[in-house]
Amino acid sequence: MFDFDPTMVSWARAQFALTAMYHWIFVPLTLGLACLLAFFETIYVRTGNEEWKRLTRFWMTLFAINFAIGVATGIILEFEFGTNWSNYSWMVGDIFGVPLAIEGILAFFLEATFFAVMFFGWDRVSKGQHLFATWMVAIGSNLSAMWILIANAWMQHPVGMDFNPDSARFEMNNFFELFSPVAFAKFTHTTSSSFMVGSLFVIAISSFYLLKGRHIKMAKRSILVASVFGLLAGAFAGMTGDESAHQVAQDQPMKLAAFEGLYEGERQAGLVAVGLLHPAKQVGDDNDPFLFQVKIPGALSFLANRDLNSFVPGIKDLIVGNPQEGIVGVENKMVRGKLAVGALQDYKQAKKTGDAAMAAVSLQTFKQHQEVLGYGHLKEAGDAIPPVAITFYAFHLMVMLWGLFMLLFGLFLYFTLKNSLTEQKLLLLTGSTSFILALMCSQAGWVVAEVGRQPWAIQGLLPVSAATSNITASNVQTTFAMFCVIFTLLLIAEVKIMLKQIHIGPEEK
Amino acid sequence: MLQTTVEALISGLSGLGMEERMRQKFRAIFLFYKDGFLSMTVGKTLWKIIGLKLFVFFAVFKLFFFQDYLGTKFSTDEERANYVIEQLTQMK
């Protein structure tokens, strides 16, 4: 009989996290820097000032280094789907096929044509044609990311499909439902936060030049554009982040409760501005969830339901249920989920023996409970709780860093316009480290999204424990170790080439 | 050698009645890429890294470590579907 090995699940998850986080070092920089290149070059084309061309070419070289090291790192994730996550892979093949195929085709044509024109086309095509290619790279990269984000949003909020018990697949019945409000919020929030990462990359290197007293004009010009873009992107990321959290409250209330450390639901719920979780806190015990906290009164209720007085369910409400607030608990869903799993088994058995009447009854029972199918795989209600501390701290780190970045963009813009930026040593020093913080912030966002939705591979329908292949943990451990080595080497290569290029600086006039 | 192949392809197309302009277009595109690659500085190192990376990913990882589990274990989709259902329903 089949026995799921929890150690294998943990290793498969760790490997996926490692690969995805490594991949995500490069992607936000590509998305953000591509847009900045388009802005820089537009200024060059409009002004005809060769300094802007030199500046554009310099950032384009760094863009190329990042792109080259990052390219194909996402392919590994697809390898992992087929090997480690075969049940999941099989079940979602019909849903993911379309968006991933569009993404692949789009990326290929983009890379083969517009990238080539952008890198090789200086002085070979007209200024206008070159600018068009640069804009197409910026727009195309972001559109290409959209399809992956749509696929991810579907896992968080599965819509537009039916489960076919004969093929064991989720089959798409409405392509357009994939463009759900969750997908929209995810795409806009991810891209706008990536624009901030790109802006902080430019600010970090330019600050370094200003501290060293090198390439001063180029650095100031770069900072001017990056801080304006960063400020606008940051404002948009704030709005889309708010919408994203609102969507989480509607579709994944357990994730919201986890990233706010909310154990007992309440009306006029406050949003934690700063807090330290009680490490021993368990659902239902008498411990205070926080050792220390500062809350903004009513803000969580507003974020969740757009109503300051509304009720926000806590982890306990979601586990045991709260009939007063109309909340069905995990325990109840588990009972129904097990009915769905049982009915599915009976249906397959009836099909095998040719018992049409039994098959029809089982199918009807299955359809009644299929929306909570995944809960049938949980061993106890507590399995539905994500790691609260990781989710909570990642969320608050992300929000705090966002605040810091907005302040930085504002200060950089202010002192650039006042023409006194070179005198602001502390600001330049902070600016030169800001890119590392930006990467941390971007990664923290994904930690909130992905750790916060545990234990689900597909929200409510398939837990990670049921999504994996029947392979041993040692298989995954071997490749995990290999990835650690390869990724470290590639990262060292990128940093070395990047630093060398930064040291060389822009081409001579 | 690549240039010869492209020349041969172009003359083949010409032989099929393609216009001279088309021939020039193909040649221009080929030279665009060729000159671009030849004039690269930092790009040459990057292409080496990309090549090595793709080799390791596809010729080592994919071939030896990341085989398609259901693809290699079963020969038909029906078998795969039955297996996945079995996995899902054995965990009651």
# chains A, B, ... in the order shown; residues from 1 in each chain; ligands from 1
>>> residues_around(residues="segment 501-505 of chain A", least_positions_apart="5", cutoff="12 Å", atoms="only C-alpha atoms", output="ChimeraX atom specification")
/A:54-66,201-202,204-209,212,214-216,218-219,494-496 /B:41-43
>>> interface_residues(of="chain B", to="chain A", cutoff="7 Å", atoms="only C-alpha atoms", output="ChimeraX atom specification")
/B:36,46,50,62,66-70,81,84-85,88-89,91-92
>>> residues_around(residues="segment 221-229 of chain A", least_positions_apart="2", cutoff="6 Å", atoms="only C-alpha atoms", output="compact mmCIF listing (two decimals) with all heavy atoms, in the first residue's frame")
# COMPACT_ATOMS: atom_id res chain seq x y z
N SER A 199 14.47 49.89 -9.43
CA SER A 199 14.84 51.26 -9.07
C SER A 199 15.91 51.27 -7.99
O SER A 199 16.87 52.06 -8.05
CB SER A 199 13.61 52.02 -8.56
OG SER A 199 12.64 52.08 -9.56
N ILE A 203 19.66 52.84 -7.89
CA ILE A 203 20.02 53.77 -6.81
C ILE A 203 21.25 53.24 -6.05
O ILE A 203 22.16 54.01 -5.72
CB ILE A 203 18.82 53.99 -5.87
CG1 ILE A 203 17.82 54.91 -6.56
CG2 ILE A 203 19.25 54.58 -4.52
CD1 ILE A 203 16.55 55.18 -5.78
N MET A 218 26.32 60.81 -14.51
CA MET A 218 25.52 59.64 -14.88
C MET A 218 24.75 59.12 -13.68
O MET A 218 23.57 58.77 -13.76
CB MET A 218 26.43 58.54 -15.44
CG MET A 218 25.63 57.38 -15.99
SD MET A 218 26.48 55.80 -15.93
CE MET A 218 26.24 55.32 -14.24
N ALA A 219 25.43 59.08 -12.52
CA ALA A 219 24.78 58.55 -11.31
C ALA A 219 23.59 59.42 -10.91
O ALA A 219 22.52 58.91 -10.58
CB ALA A 219 25.81 58.48 -10.18
N LEU A 231 9.22 55.80 -6.68
CA LEU A 231 8.17 56.42 -5.86
C LEU A 231 6.78 56.07 -6.41
O LEU A 231 5.87 55.70 -5.66
CB LEU A 231 8.38 57.93 -5.84
CG LEU A 231 7.95 58.72 -4.61
CD1 LEU A 231 8.47 58.15 -3.32
CD2 LEU A 231 8.37 60.18 -4.75
N LEU A 232 6.63 56.20 -7.72
CA LEU A 232 5.33 55.89 -8.35
C LEU A 232 5.01 54.39 -8.21
O LEU A 232 3.90 54.01 -7.85
CB LEU A 232 5.35 56.28 -9.84
CG LEU A 232 5.44 57.78 -10.13
CD1 LEU A 232 5.62 58.02 -11.62
CD2 LEU A 232 4.19 58.49 -9.62
N ALA A 233 6.03 53.56 -8.49
CA ALA A 233 5.83 52.11 -8.39
C ALA A 233 5.52 51.72 -6.95
O ALA A 233 4.66 50.86 -6.70
CB ALA A 233 7.08 51.38 -8.88
N PHE A 409 13.22 56.70 -1.61
CA PHE A 409 12.91 57.30 -2.93
C PHE A 409 12.63 58.79 -2.77
O PHE A 409 13.12 59.61 -3.54
CB PHE A 409 11.68 56.63 -3.57
CG PHE A 409 11.92 55.21 -4.02
CD1 PHE A 409 11.02 54.20 -3.73
CD2 PHE A 409 13.06 54.87 -4.76
CE1 PHE A 409 11.22 52.89 -4.15
CE2 PHE A 409 13.28 53.57 -5.18
CZ PHE A 409 12.36 52.58 -4.88
N LEU A 413 15.02 61.74 -4.29
CA LEU A 413 14.44 62.70 -5.24
C LEU A 413 14.62 64.13 -4.74
O LEU A 413 15.05 65.02 -5.48
CB LEU A 413 12.96 62.37 -5.45
CG LEU A 413 12.23 63.23 -6.48
CD1 LEU A 413 12.87 63.14 -7.85
CD2 LEU A 413 10.76 62.84 -6.56
>>> residues_around(residues="Ile315 of chain A", least_positions_apart="5", cutoff="10 Å", atoms="only C-alpha atoms", output="PyMOL selection string")
chain A and resi 253-258+261-265+282-284+320-321+329+382+384-386+388
>>> select_by_dssp(residues="segment 146-234 of chain A", states="strand (DSSP E or B)", output="MDAnalysis selection string")
chainID A and resid 161:164 169:172
>>> write_last_selection(atoms="all heavy atoms", output="PDB file, in the first residue's frame")
ATOM      1  N   MET A 161     -12.878  25.778 -13.421  1.00  0.00           N
ATOM      2  CA  MET A 161     -12.558  24.374 -13.739  1.00  0.00           C
ATOM      3  C   MET A 161     -13.522  23.420 -13.037  1.00  0.00           C
ATOM      4  O   MET A 161     -14.257  23.809 -12.128  1.00  0.00           O
ATOM      5  CB  MET A 161     -11.123  24.046 -13.336  1.00  0.00           C
ATOM      6  CG  MET A 161     -10.726  24.396 -11.922  1.00  0.00           C
ATOM      7  SD  MET A 161     -11.580  23.486 -10.658  1.00  0.00           S
ATOM      8  CE  MET A 161     -11.145  24.254  -9.174  1.00  0.00           C
ATOM      9  N   ASP A 162     -13.505  22.185 -13.508  1.00  0.00           N
ATOM     10  CA  ASP A 162     -14.230  21.084 -12.856  1.00  0.00           C
ATOM     11  C   ASP A 162     -13.238  19.955 -12.669  1.00  0.00           C
ATOM     12  O   ASP A 162     -12.341  19.774 -13.493  1.00  0.00           O
ATOM     13  CB  ASP A 162     -15.365  20.578 -13.764  1.00  0.00           C
ATOM     14  CG  ASP A 162     -16.518  21.554 -13.807  1.00  0.00           C
ATOM     15  OD1 ASP A 162     -16.910  22.034 -12.731  1.00  0.00           O
ATOM     16  OD2 ASP A 162     -17.002  21.850 -14.931  1.00  0.00           O
ATOM     17  N   PHE A 163     -13.436  19.176 -11.599  1.00  0.00           N
ATOM     18  CA  PHE A 163     -12.580  18.000 -11.419  1.00  0.00           C
ATOM     19  C   PHE A 163     -13.245  16.823 -12.133  1.00  0.00           C
ATOM     20  O   PHE A 163     -14.417  16.528 -11.902  1.00  0.00           O
ATOM     21  CB  PHE A 163     -12.395  17.682  -9.933  1.00  0.00           C
ATOM     22  CG  PHE A 163     -11.494  16.508  -9.699  1.00  0.00           C
ATOM     23  CD1 PHE A 163     -10.120  16.624  -9.878  1.00  0.00           C
ATOM     24  CD2 PHE A 163     -12.008  15.275  -9.328  1.00  0.00           C
ATOM     25  CE1 PHE A 163      -9.280  15.535  -9.681  1.00  0.00           C
ATOM     26  CE2 PHE A 163     -11.173  14.183  -9.113  1.00  0.00           C
ATOM     27  CZ  PHE A 163      -9.806  14.314  -9.301  1.00  0.00           C
ATOM     28  N   ASN A 164     -12.481  16.184 -13.014  1.00  0.00           N
ATOM     29  CA  ASN A 164     -12.989  15.016 -13.736  1.00  0.00           C
ATOM     30  C   ASN A 164     -12.511  13.750 -13.012  1.00  0.00           C
ATOM     31  O   ASN A 164     -11.314  13.450 -13.024  1.00  0.00           O
ATOM     32  CB  ASN A 164     -12.465  15.050 -15.175  1.00  0.00           C
ATOM     33  CG  ASN A 164     -12.985  13.886 -15.995  1.00  0.00           C
ATOM     34  OD1 ASN A 164     -13.375  12.850 -15.441  1.00  0.00           O
ATOM     35  ND2 ASN A 164     -12.997  14.052 -17.308  1.00  0.00           N
ATOM     36  N   ARG A 169      -8.197  14.839 -13.359  1.00  0.00           N
ATOM     37  CA  ARG A 169      -7.642  16.151 -13.708  1.00  0.00           C
ATOM     38  C   ARG A 169      -8.661  17.257 -13.462  1.00  0.00           C
ATOM     39  O   ARG A 169      -9.869  17.047 -13.618  1.00  0.00           O
ATOM     40  CB  ARG A 169      -7.261  16.186 -15.196  1.00  0.00           C
ATOM     41  CG  ARG A 169      -6.147  15.250 -15.547  1.00  0.00           C
ATOM     42  CD  ARG A 169      -5.676  15.535 -16.943  1.00  0.00           C
ATOM     43  NE  ARG A 169      -4.293  15.975 -16.891  1.00  0.00           N
ATOM     44  CZ  ARG A 169      -3.425  15.788 -17.874  1.00  0.00           C
ATOM     45  NH1 ARG A 169      -3.786  15.228 -18.987  1.00  0.00           N
ATOM     46  NH2 ARG A 169      -2.183  16.197 -17.748  1.00  0.00           N
ATOM     47  N   PHE A 170      -8.111  18.418 -13.113  1.00  0.00           N
ATOM     48  CA  PHE A 170      -8.940  19.613 -13.101  1.00  0.00           C
ATOM     49  C   PHE A 170      -9.003  20.097 -14.546  1.00  0.00           C
ATOM     50  O   PHE A 170      -7.956  20.364 -15.143  1.00  0.00           O
ATOM     51  CB  PHE A 170      -8.332  20.693 -12.199  1.00  0.00           C
ATOM     52  CG  PHE A 170      -8.392  20.344 -10.744  1.00  0.00           C
ATOM     53  CD1 PHE A 170      -7.267  19.897 -10.074  1.00  0.00           C
ATOM     54  CD2 PHE A 170      -9.596  20.429 -10.054  1.00  0.00           C
ATOM     55  CE1 PHE A 170      -7.331  19.554  -8.734  1.00  0.00           C
ATOM     56  CE2 PHE A 170      -9.659  20.089  -8.708  1.00  0.00           C
ATOM     57  CZ  PHE A 170      -8.539  19.646  -8.053  1.00  0.00           C
ATOM     58  N   GLU A 171     -10.210  20.157 -15.083  1.00  0.00           N
ATOM     59  CA  GLU A 171     -10.348  20.551 -16.491  1.00  0.00           C
ATOM     60  C   GLU A 171     -10.958  21.940 -16.586  1.00  0.00           C
ATOM     61  O   GLU A 171     -11.961  22.231 -15.930  1.00  0.00           O
ATOM     62  CB  GLU A 171     -11.205  19.514 -17.231  1.00  0.00           C
ATOM     63  CG  GLU A 171     -10.480  18.173 -17.313  1.00  0.00           C
ATOM     64  CD  GLU A 171     -11.327  17.063 -17.914  1.00  0.00           C
ATOM     65  OE1 GLU A 171     -12.533  17.288 -18.158  1.00  0.00           O
ATOM     66  OE2 GLU A 171     -10.768  15.969 -18.135  1.00  0.00           O
ATOM     67  N   MET A 172     -10.338  22.764 -17.411  1.00  0.00           N
ATOM     68  CA  MET A 172     -10.763  24.152 -17.524  1.00  0.00           C
ATOM     69  C   MET A 172     -12.124  24.224 -18.211  1.00  0.00           C
ATOM     70  O   MET A 172     -12.315  23.607 -19.258  1.00  0.00           O
ATOM     71  CB  MET A 172      -9.722  24.919 -18.343  1.00  0.00           C
ATOM     72  CG  MET A 172      -9.872  26.421 -18.240  1.00  0.00           C
ATOM     73  SD  MET A 172      -8.775  27.258 -19.363  1.00  0.00           S
ATOM     74  CE  MET A 172      -7.183  26.866 -18.690  1.00  0.00           C
TER      75      MET A 172
END
>>> residues_around(residues="Ala359 of chain A", least_positions_apart="4", cutoff="7 Å", atoms="only C-alpha atoms", output="list in words")
Tyr347, Ala350, Lys351, Asp355 and Leu363 of chain A
>>> write_last_selection(atoms="all heavy atoms", output="PDB file, in the first residue's frame")
ATOM      1  N   TYR A 347     -16.715   5.441  -6.529  1.00  0.00           N
ATOM      2  CA  TYR A 347     -17.019   5.684  -7.938  1.00  0.00           C
ATOM      3  C   TYR A 347     -16.076   4.873  -8.831  1.00  0.00           C
ATOM      4  O   TYR A 347     -16.509   4.217  -9.778  1.00  0.00           O
ATOM      5  CB  TYR A 347     -16.887   7.185  -8.227  1.00  0.00           C
ATOM      6  CG  TYR A 347     -16.996   7.528  -9.697  1.00  0.00           C
ATOM      7  CD1 TYR A 347     -18.225   7.530 -10.345  1.00  0.00           C
ATOM      8  CD2 TYR A 347     -15.853   7.848 -10.442  1.00  0.00           C
ATOM      9  CE1 TYR A 347     -18.330   7.839 -11.692  1.00  0.00           C
ATOM     10  CE2 TYR A 347     -15.943   8.151 -11.786  1.00  0.00           C
ATOM     11  CZ  TYR A 347     -17.179   8.149 -12.417  1.00  0.00           C
ATOM     12  OH  TYR A 347     -17.260   8.434 -13.749  1.00  0.00           O
ATOM     13  N   ALA A 350     -16.945   1.232  -8.596  1.00  0.00           N
ATOM     14  CA  ALA A 350     -18.185   0.942  -9.328  1.00  0.00           C
ATOM     15  C   ALA A 350     -17.947   0.913 -10.839  1.00  0.00           C
ATOM     16  O   ALA A 350     -18.507   0.083 -11.559  1.00  0.00           O
ATOM     17  CB  ALA A 350     -19.246   1.977  -8.977  1.00  0.00           C
ATOM     18  N   LYS A 351     -17.089   1.824 -11.305  1.00  0.00           N
ATOM     19  CA  LYS A 351     -16.758   1.868 -12.734  1.00  0.00           C
ATOM     20  C   LYS A 351     -16.039   0.579 -13.140  1.00  0.00           C
ATOM     21  O   LYS A 351     -16.254   0.045 -14.222  1.00  0.00           O
ATOM     22  CB  LYS A 351     -15.864   3.074 -13.040  1.00  0.00           C
ATOM     23  CG  LYS A 351     -16.565   4.409 -12.959  1.00  0.00           C
ATOM     24  CD  LYS A 351     -17.427   4.725 -14.146  1.00  0.00           C
ATOM     25  CE  LYS A 351     -16.588   5.367 -15.252  1.00  0.00           C
ATOM     26  NZ  LYS A 351     -17.422   5.852 -16.340  1.00  0.00           N
ATOM     27  N   ASP A 355     -20.867  -1.296 -12.224  1.00  0.00           N
ATOM     28  CA  ASP A 355     -22.100  -1.008 -11.475  1.00  0.00           C
ATOM     29  C   ASP A 355     -22.509   0.453 -11.727  1.00  0.00           C
ATOM     30  O   ASP A 355     -22.117   1.362 -11.002  1.00  0.00           O
ATOM     31  CB  ASP A 355     -21.829  -1.257  -9.976  1.00  0.00           C
ATOM     32  CG  ASP A 355     -23.086  -1.136  -9.138  1.00  0.00           C
ATOM     33  OD1 ASP A 355     -24.085  -0.569  -9.634  1.00  0.00           O
ATOM     34  OD2 ASP A 355     -23.066  -1.590  -7.980  1.00  0.00           O
ATOM     35  N   LEU A 363     -20.911   9.395  -7.618  1.00  0.00           N
ATOM     36  CA  LEU A 363     -20.532  10.637  -8.304  1.00  0.00           C
ATOM     37  C   LEU A 363     -21.319  11.821  -7.742  1.00  0.00           C
ATOM     38  O   LEU A 363     -20.766  12.907  -7.542  1.00  0.00           O
ATOM     39  CB  LEU A 363     -20.772  10.491  -9.814  1.00  0.00           C
ATOM     40  CG  LEU A 363     -20.237  11.620 -10.688  1.00  0.00           C
ATOM     41  CD1 LEU A 363     -18.727  11.772 -10.523  1.00  0.00           C
ATOM     42  CD2 LEU A 363     -20.574  11.381 -12.151  1.00  0.00           C
TER      43      LEU A 363
END
>>> closest_residue(among="A:Leu37, A:Leu489, A:Met136, A:Leu404", to="Leu52 of chain B", atoms="only C-alpha atoms")
A:Leu489
>>> residues_around(residues="Val272 of chain A", least_positions_apart="4", cutoff="12 Å", atoms="only C-alpha atoms", output="VMD selection string")
chain A and resid 256 to 262 276 to 277 289 to 290 292 to 301 303 392 to 393 395 to 397 399 to 400
>>> write_last_selection(atoms="N, CA, C and O atoms", output="compact mmCIF listing (two decimals), in the first residue's frame")
# COMPACT_ATOMS: atom_id res chain seq x y z
N LEU A 256 -4.46 35.13 6.17
CA LEU A 256 -4.54 36.47 6.77
C LEU A 256 -4.36 36.38 8.29
O LEU A 256 -3.60 37.16 8.88
N ALA A 257 -5.04 35.40 8.91
CA ALA A 257 -4.94 35.24 10.37
C ALA A 257 -3.49 34.93 10.75
O ALA A 257 -2.98 35.44 11.76
N ALA A 258 -2.81 34.12 9.91
CA ALA A 258 -1.41 33.76 10.21
C ALA A 258 -0.50 34.97 10.07
O ALA A 258 0.35 35.22 10.93
N PHE A 259 -0.65 35.73 9.00
CA PHE A 259 0.31 36.83 8.85
C PHE A 259 0.02 38.02 9.77
O PHE A 259 0.82 38.94 9.87
N GLU A 260 -1.11 37.95 10.48
CA GLU A 260 -1.37 38.96 11.51
C GLU A 260 -1.28 38.37 12.92
O GLU A 260 -1.52 39.08 13.91
N GLY A 261 -0.97 37.08 13.03
CA GLY A 261 -0.88 36.43 14.34
C GLY A 261 -2.20 36.53 15.10
O GLY A 261 -2.23 36.67 16.32
N LEU A 262 -3.31 36.44 14.36
CA LEU A 262 -4.64 36.60 14.96
C LEU A 262 -5.21 35.22 15.29
O LEU A 262 -5.63 34.48 14.41
N LEU A 276 5.97 41.16 18.57
CA LEU A 276 6.83 40.00 18.82
C LEU A 276 5.92 38.86 19.27
O LEU A 276 5.24 38.99 20.30
N LEU A 277 5.90 37.78 18.49
CA LEU A 277 4.99 36.67 18.79
C LEU A 277 5.44 35.89 20.01
O LEU A 277 6.64 35.75 20.25
N PRO A 289 -1.05 35.88 22.30
CA PRO A 289 -0.28 35.59 21.08
C PRO A 289 0.99 36.43 20.95
O PRO A 289 1.92 36.05 20.26
N PHE A 290 1.01 37.57 21.63
CA PHE A 290 2.16 38.49 21.49
C PHE A 290 2.85 38.75 22.81
O PHE A 290 2.20 38.88 23.85
N PHE A 292 4.78 41.38 22.74
CA PHE A 292 4.76 42.84 22.62
C PHE A 292 4.11 43.17 21.27
O PHE A 292 4.34 42.48 20.28
N GLN A 293 3.28 44.19 21.26
CA GLN A 293 2.66 44.57 19.98
C GLN A 293 2.18 46.00 19.99
O GLN A 293 1.83 46.55 21.04
N VAL A 294 2.19 46.61 18.81
CA VAL A 294 1.57 47.93 18.63
C VAL A 294 0.59 47.76 17.48
O VAL A 294 0.98 47.31 16.39
N LYS A 295 -0.68 48.07 17.73
CA LYS A 295 -1.71 47.84 16.71
C LYS A 295 -2.33 49.14 16.23
O LYS A 295 -2.44 50.10 17.00
N ILE A 296 -2.77 49.13 14.98
CA ILE A 296 -3.53 50.27 14.45
C ILE A 296 -5.00 49.86 14.55
O ILE A 296 -5.43 48.94 13.83
N PRO A 297 -5.77 50.49 15.44
CA PRO A 297 -7.15 50.04 15.70
C PRO A 297 -8.02 50.01 14.44
O PRO A 297 -8.00 50.98 13.66
N GLY A 298 -8.73 48.91 14.28
CA GLY A 298 -9.71 48.80 13.19
C GLY A 298 -9.13 48.58 11.80
O GLY A 298 -9.85 48.27 10.85
N ALA A 299 -7.82 48.75 11.67
CA ALA A 299 -7.22 48.71 10.32
C ALA A 299 -7.31 47.32 9.68
O ALA A 299 -7.48 47.21 8.46
N LEU A 300 -7.20 46.26 10.49
CA LEU A 300 -7.28 44.91 9.91
C LEU A 300 -8.70 44.63 9.42
O LEU A 300 -8.89 44.03 8.36
N SER A 301 -9.70 45.08 10.18
CA SER A 301 -11.09 44.91 9.74
C SER A 301 -11.31 45.63 8.42
O SER A 301 -11.96 45.12 7.51
N LEU A 303 -8.98 46.45 6.20
CA LEU A 303 -8.20 45.77 5.16
C LEU A 303 -8.94 44.52 4.65
O LEU A 303 -9.02 44.27 3.45
N PHE A 392 4.08 35.57 9.70
CA PHE A 392 3.92 36.86 10.39
C PHE A 392 5.15 37.75 10.18
O PHE A 392 5.03 38.91 9.78
N TYR A 393 6.33 37.20 10.47
CA TYR A 393 7.54 38.03 10.38
C TYR A 393 7.86 38.41 8.94
O TYR A 393 8.31 39.52 8.67
N PHE A 395 5.70 38.91 6.53
CA PHE A 395 4.76 39.96 6.14
C PHE A 395 5.18 41.31 6.71
O PHE A 395 5.22 42.32 5.99
N HIS A 396 5.54 41.32 8.00
CA HIS A 396 5.88 42.60 8.63
C HIS A 396 7.22 43.14 8.16
O HIS A 396 7.40 44.35 8.06
N LEU A 397 8.14 42.23 7.85
CA LEU A 397 9.42 42.67 7.27
C LEU A 397 9.17 43.35 5.92
O LEU A 397 9.71 44.42 5.63
N VAL A 399 6.44 44.79 4.78
CA VAL A 399 5.75 46.08 4.91
C VAL A 399 6.71 47.16 5.44
O VAL A 399 6.75 48.29 4.94
N MET A 400 7.53 46.79 6.42
CA MET A 400 8.47 47.77 6.99
C MET A 400 9.50 48.21 5.95
O MET A 400 9.82 49.39 5.84
>>> residues_around(residues="Pro387 of chain A", least_positions_apart="4", cutoff="8 Å", atoms="only C-alpha atoms", output="MDAnalysis selection string")
chainID A and resid 258 391 451:452 454
>>> closest_residue(among="A:Ala357, A:Ala444, A:Leu439, A:Leu200", to="Phe405 of chain A", atoms="only C-alpha atoms")
A:Leu200
>>> closest_residue(among="B:Phe65, B:Met40, B:Gln24, B:Tyr83", to="Ser474 of chain A", atoms="only C-alpha atoms")
B:Phe65
>>> closest_atom_pairs(of="segment 31-58 of chain A", to="segment 15-26 of chain A", cutoff="12 Å", atoms="only C-alpha atoms", output="Markdown table")
| residue | atom | partner | partner_atom | distance |
| --- | --- | --- | --- | --- |
| A:Leu31 | CA | A:Phe26 | CA | 8.8 |
| A:Gly32 | CA | A:Phe26 | CA | 10.3 |
| A:Leu33 | CA | A:Phe26 | CA | 10.5 |
| A:Ala34 | CA | A:Phe26 | CA | 11.9 |
>>> write_last_selection(atoms="N, CA, C and O atoms", output="mmCIF file, in the first residue's frame")
data_model
loop_
_atom_site.group_PDB
_atom_site.id
_atom_site.type_symbol
_atom_site.label_atom_id
_atom_site.label_comp_id
_atom_site.auth_asym_id
_atom_site.auth_seq_id
_atom_site.Cartn_x
_atom_site.Cartn_y
_atom_site.Cartn_z
ATOM 1 N N LEU A 31 12.421 42.542 -14.557
ATOM 2 C CA LEU A 31 11.170 43.277 -14.804
ATOM 3 C C LEU A 31 11.337 44.775 -14.542
ATOM 4 O O LEU A 31 10.864 45.612 -15.307
ATOM 5 N N GLY A 32 12.003 45.097 -13.457
ATOM 6 C CA GLY A 32 12.145 46.501 -13.089
ATOM 7 C C GLY A 32 13.162 47.239 -13.944
ATOM 8 O O GLY A 32 12.897 48.347 -14.438
ATOM 9 N N LEU A 33 14.316 46.609 -14.148
ATOM 10 C CA LEU A 33 15.385 47.280 -14.893
ATOM 11 C C LEU A 33 15.001 47.455 -16.369
ATOM 12 O O LEU A 33 15.380 48.441 -17.001
ATOM 13 N N ALA A 34 14.234 46.498 -16.913
ATOM 14 C CA ALA A 34 13.797 46.603 -18.315
ATOM 15 C C ALA A 34 12.996 47.888 -18.514
ATOM 16 O O ALA A 34 13.173 48.593 -19.520
#
>>> atom_distance(atom1="atom CA of Tyr33 of chain B", atom2="atom CA of Ile139 of chain A")
22.6 Å
